Structure formats: C-alpha cells, structure tokens
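Asks: The structure that follows is given in the form of structure tokens.
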Amino acid sequence: MSDKRLLLVEDEPGLQLALSDRLSAEGYTVETAGDGNVAVTRATGEPWDIIILDVMLPGRDGFDVAKTIRQQGIQTPILMLTARTQVFDRVVGLKLGADDYLTKPFETIELLARLEALLRRAPSSSPGLSLERYSFGDITVDVRKAEVMSKGRLLDLSAKEFQLLKYFIEHRGATISRDELLQEVWGYSAMPSTRTVDVHVAWLRQKLEPNPRLPQFILTVHGLGYKFAG
Ligand code: CA
C-alpha cells in the first residue's frame with residue numbers, strides 16, 4: 001500500500017472514475033479535478049505526493065497547468081497523459097515541468113509503474129507546498145511558523161503582512177498586479193481598494209528593507225504592480 005496523496009486531473013468522467021478506483025485500490029488517496037483552473041487551485045493549495053495531469057482539459061490545458069504549478073515553486077512530480085496524436089506534446093510537456101508522460105490509451109499496470117518510479121525519484125519529505133524557510137538579505141522567513149527574523153531578531157508582522165510576504169516569495173521574480181494581490185491575499189469578500197495593497201507594501205518595506213525609500217526586495221513595477229526580488 002502506498003498511502004500517497006494523488007491529484008488526478010482528467011476531464012473524461014469514465015476514465016476519471018476508472019483510474020480513481022484503481023489507484024485507490026492500490027492505496028493512493030485520490031482526489032480529482034476535471035478542469036484546468038480547478039487543477040491549478042488544488043495543486044497549489046494543498047500538498048500532494050504526485051499529480052496525474054491530462055493535456056486536453058477544459059479551462060486551461062495541461063501544459064499551462066504544469067507551467068503555472070512550477071512557476072509557483074511547487075515541485076510535486078507530474079505525470080502527463082497525452083493523446084497518441086499529440087506527437088510534439090511529450091517534448092513540450094517535459095520542458096514545461098512534467099516529469100514523465102504516458103500516451104493514451106495505456107495499461108493501468110504501466111501507469112502504476114510510472115507513478116512508483118516518479119515517487120522513488122521524488123524527495124521523501126513532504127512535497128507540494130515545500131517551501132518552509134526562505135532567506136533574502138538579512139531576513140529569514142519560517143513559512144510554517146509564520147515567523148520573520150532579521151539578523152536573529154523576530155519581526156512583528158501582522159497576519160496580512162505575512163500573507164502578502166508569503167505570496168511575494170511564492171511568486172518571486174514575477175510581476176504581480178495589485179488586483180492579483182487583492183484577489184489572492186485579501187480575497188473577494190473583503191473588497192478593499194488597491195490602496196490597501198500599497199499601504200501594506202509600504203509597511204512591509206518599513207520592516208524588511210534596509211532602506212525603505214530605495215527598496216531592493218519589494219520593487220515597484222510602474223503601471224503594473226510589484227515584483228519580489230529577494
Ligand atoms: Ca481530456
């Protein structure tokens with residue numbers, strides 16, 4: 001029995017059900033998604049040991065899903081399912097962050113063997129949201145404890161400031177709009193204005209930047225938003 005958490009992304013109900021049953025029987029804890037957008041949300045929001053990802057999906061395709069997951073720093077092994085006709089897919093898929101691929105139709109025994117091989121190659125410690133500590137400049141962030149230290153001194157961050165910093169770290173190097181931050185860090189329900197984002201960014205800079213007037217970590221991208229360069 002394998003006792004691994006597996007996310008199965010497949011939009012074809014029959015195949016989803018058949019695979020789900022078989023994988024559960026093999027000891028996997030199987031959750032399913034039948035849509036590319038749902039797949040991204042689930043893959044990035046919870047820890048998984050392995051992801052099976054179909055290429056042709058409603059919402060967004062498997063390539064886009066794999067790329068987005070990897071961009072968010074998540075290293076969970078991905079096994080892609082491609083159709084026989086999609087000749088170039090394997091190369092593209094591997095390039096975008098898939099670890100292996102299997103061409104449909106396939107034998108379940110083959111799928112199981114591939115999964116086991118990928119799991120053996122993966123680090124044994126919990127994958128998924130694997131980022132536990134992150135350092136930049138004099139700052140060390142303990143993501144699990146929600147603690148931020150500067151030169152060994154504990155900084156006093158509000159919950160929202162910490163969530164904002166965590167989001168920046170998880171998307172380091174990417175330009176992030178104020179709207180995205182509002183949506184992802186504050187959520188739809190709160191309905192604050194983009195000014196709220198600016199104010200929190202200013203507070204974070206006060207606490208984290210050696211010189212808050214000349215930020216080197218949380219950069220302003222004029223007309224677009226912010227970029228974390230830590
Ligand atoms: Ca499909």
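To be explicit about the labels: the chains of the structure tokens are called A, B, and onward in the order shown, and within each one the residues are counted from 1, while ligands get numbers from 1 in the order they are shown.
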Show me, as a tab-separated table, the residues of chain A having an atom within 7 Å of ligand 1, each with the closest atom pair and its distance in Å, using only C-alpha atoms and all ligand atoms.
Replies:
residue	atom	partner	partner_atom_place_in_ligand_line	distance
A:Glu10	CA	ligand 1	1 (Ca)	5.7
A:Asp11	CA	ligand 1	1 (Ca)	5.0
A:Glu12	CA	ligand 1	1 (Ca)	5.7
A:Asp54	CA	ligand 1	1 (Ca)	5.6
A:Val55	CA	ligand 1	1 (Ca)	6.3
A:Met56	CA	ligand 1	1 (Ca)	4.1
A:Leu57	CA	ligand 1	1 (Ca)	4.9
Asks: Looking only at alpha helix (DSSP H) from DSSP on the backbone, list the matching residues of segment 159-189 of chain A as a list in words.
Replies: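 Checking each residue of segment 159-189 of chain A, the alpha helix (DSSP H) ones are Ala159, Lys160, Glu161, Phe162, Gln163, Leu164, Leu165, Lys166, Tyr167, Phe168, Ile169, Glu170, Arg178, Asp179, Glu180 and Leu181 of chain A.
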Asks: Take the residues that were just selected and, keeping C-alpha atoms, output them as a short mmCIF file (atom, residue, chain, number, x, y, z; two decimals), in the first residue's frame.
Replies:
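Below is the file again.cif, written as the result:
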data_model
loop_
_atom_site.label_atom_id
_atom_site.label_comp_id
_atom_site.auth_asym_id
_atom_site.auth_seq_id
_atom_site.Cartn_x
_atom_site.Cartn_y
_atom_site.Cartn_z
CA ALA A 159 -1.16 38.32 9.62
CA LYS A 160 -1.94 40.20 6.42
CA GLU A 161 1.63 41.44 6.06
CA PHE A 162 2.87 37.89 6.47
CA GLN A 163 0.41 36.54 3.88
CA LEU A 164 1.47 39.26 1.49
CA LEU A 165 5.16 38.47 2.02
CA LYS A 166 4.47 34.76 1.57
CA TYR A 167 2.69 35.46 -1.70
CA PHE A 168 5.62 37.57 -2.89
CA ILE A 169 8.08 34.81 -2.01
CA GLU A 170 5.99 32.16 -3.74
CA ARG A 178 -2.41 45.00 -7.27
CA ASP A 179 -5.61 43.29 -8.41
CA GLU A 180 -3.96 39.89 -8.21
CA LEU A 181 -2.72 40.64 -4.69
#
Asks: How many Å separate atom CA of Pro47 of chain A from atom CA of Gly173 of chain A?
Replies: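 Straight-line distance from atom CA of Pro47 of chain A to atom CA of Gly173 of chain A works out to 22.8 Å.
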Asks: Atom CA of Leu155 of chain A and atom CA of Ile176 of chain A are how many Å apart?
Replies: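 Between atom CA of Leu155 of chain A and atom CA of Ile176 of chain A the gap is 24.4 Å.
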Asks: For the atom pair atom CA of Gly59 of chain A and atom CA of Pro13 of chain A, what is the interatomic distance in Å to one decimal place?
Replies: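 Between atom CA of Gly59 of chain A and atom CA of Pro13 of chain A the gap is 15.8 Å.
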Asks: Using only C-alpha atoms, find the one residue out of A:Val199, A:Gly187, A:Thr175, A:Gln16 that sits nearest to Thr220 of chain A.
Replies: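 Smallest separation from Thr220 of chain A among the options: A:Thr175.
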Asks: Can you list every residue in segment 11-117 of chain A that DSSP puts in strand (DSSP E), as an NGL selection string?
Replies: :A and (29-33 or 50-54 or 78-83 or 100-104)
Asks: For the residues in the current selection, export C-alpha atoms as a CSV table (one decimal), in the first residue's frame.
Replies:
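The result, stored in part_13.csv:
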chain,number,residue,atom,x,y,z
A,29,THR,CA,-5.5,8.7,-1.6
A,30,VAL,CA,-7.1,10.1,-4.8
A,31,GLU,CA,-8.7,13.5,-5.3
A,32,THR,CA,-9.9,14.5,-8.7
A,33,ALA,CA,-10.2,17.7,-10.8
A,50,ILE,CA,2.1,13.2,-7.2
A,51,ILE,CA,-0.1,14.7,-9.9
A,52,ILE,CA,-1.5,12.9,-12.9
A,53,LEU,CA,-2.3,15.6,-15.5
A,54,ASP,CA,-4.2,15.1,-18.7
A,78,ILE,CA,3.8,15.4,-12.6
A,79,LEU,CA,2.9,12.5,-14.9
A,80,MET,CA,1.2,13.9,-18.0
A,81,LEU,CA,-1.3,12.0,-20.1
A,82,THR,CA,-1.2,12.7,-23.8
A,83,ALA,CA,-3.2,11.5,-26.7
A,100,ASP,CA,7.1,11.9,-17.3
A,101,TYR,CA,4.3,11.3,-19.8
A,102,LEU,CA,2.2,8.4,-20.8
A,103,THR,CA,0.3,8.1,-24.1
A,104,LYS,CA,-3.3,7.2,-24.1
Asks: Env of segment 105-108 of chain A: 10 Å cut, atoms = only C-alpha atoms, seq-sep filter 5 positions within chain, self excluded. Answer as a PyMOL selection string.
Replies: chain A and resi 18-19+22-23+81-84+113-114
Asks: Select, from A:Trp203, A:Ile69, A:Leu208, A:Gly45, the residue with the minimum atom-to-atom distance to Lys151 of chain A, counting only C-alpha atoms.
Replies: A:Leu208
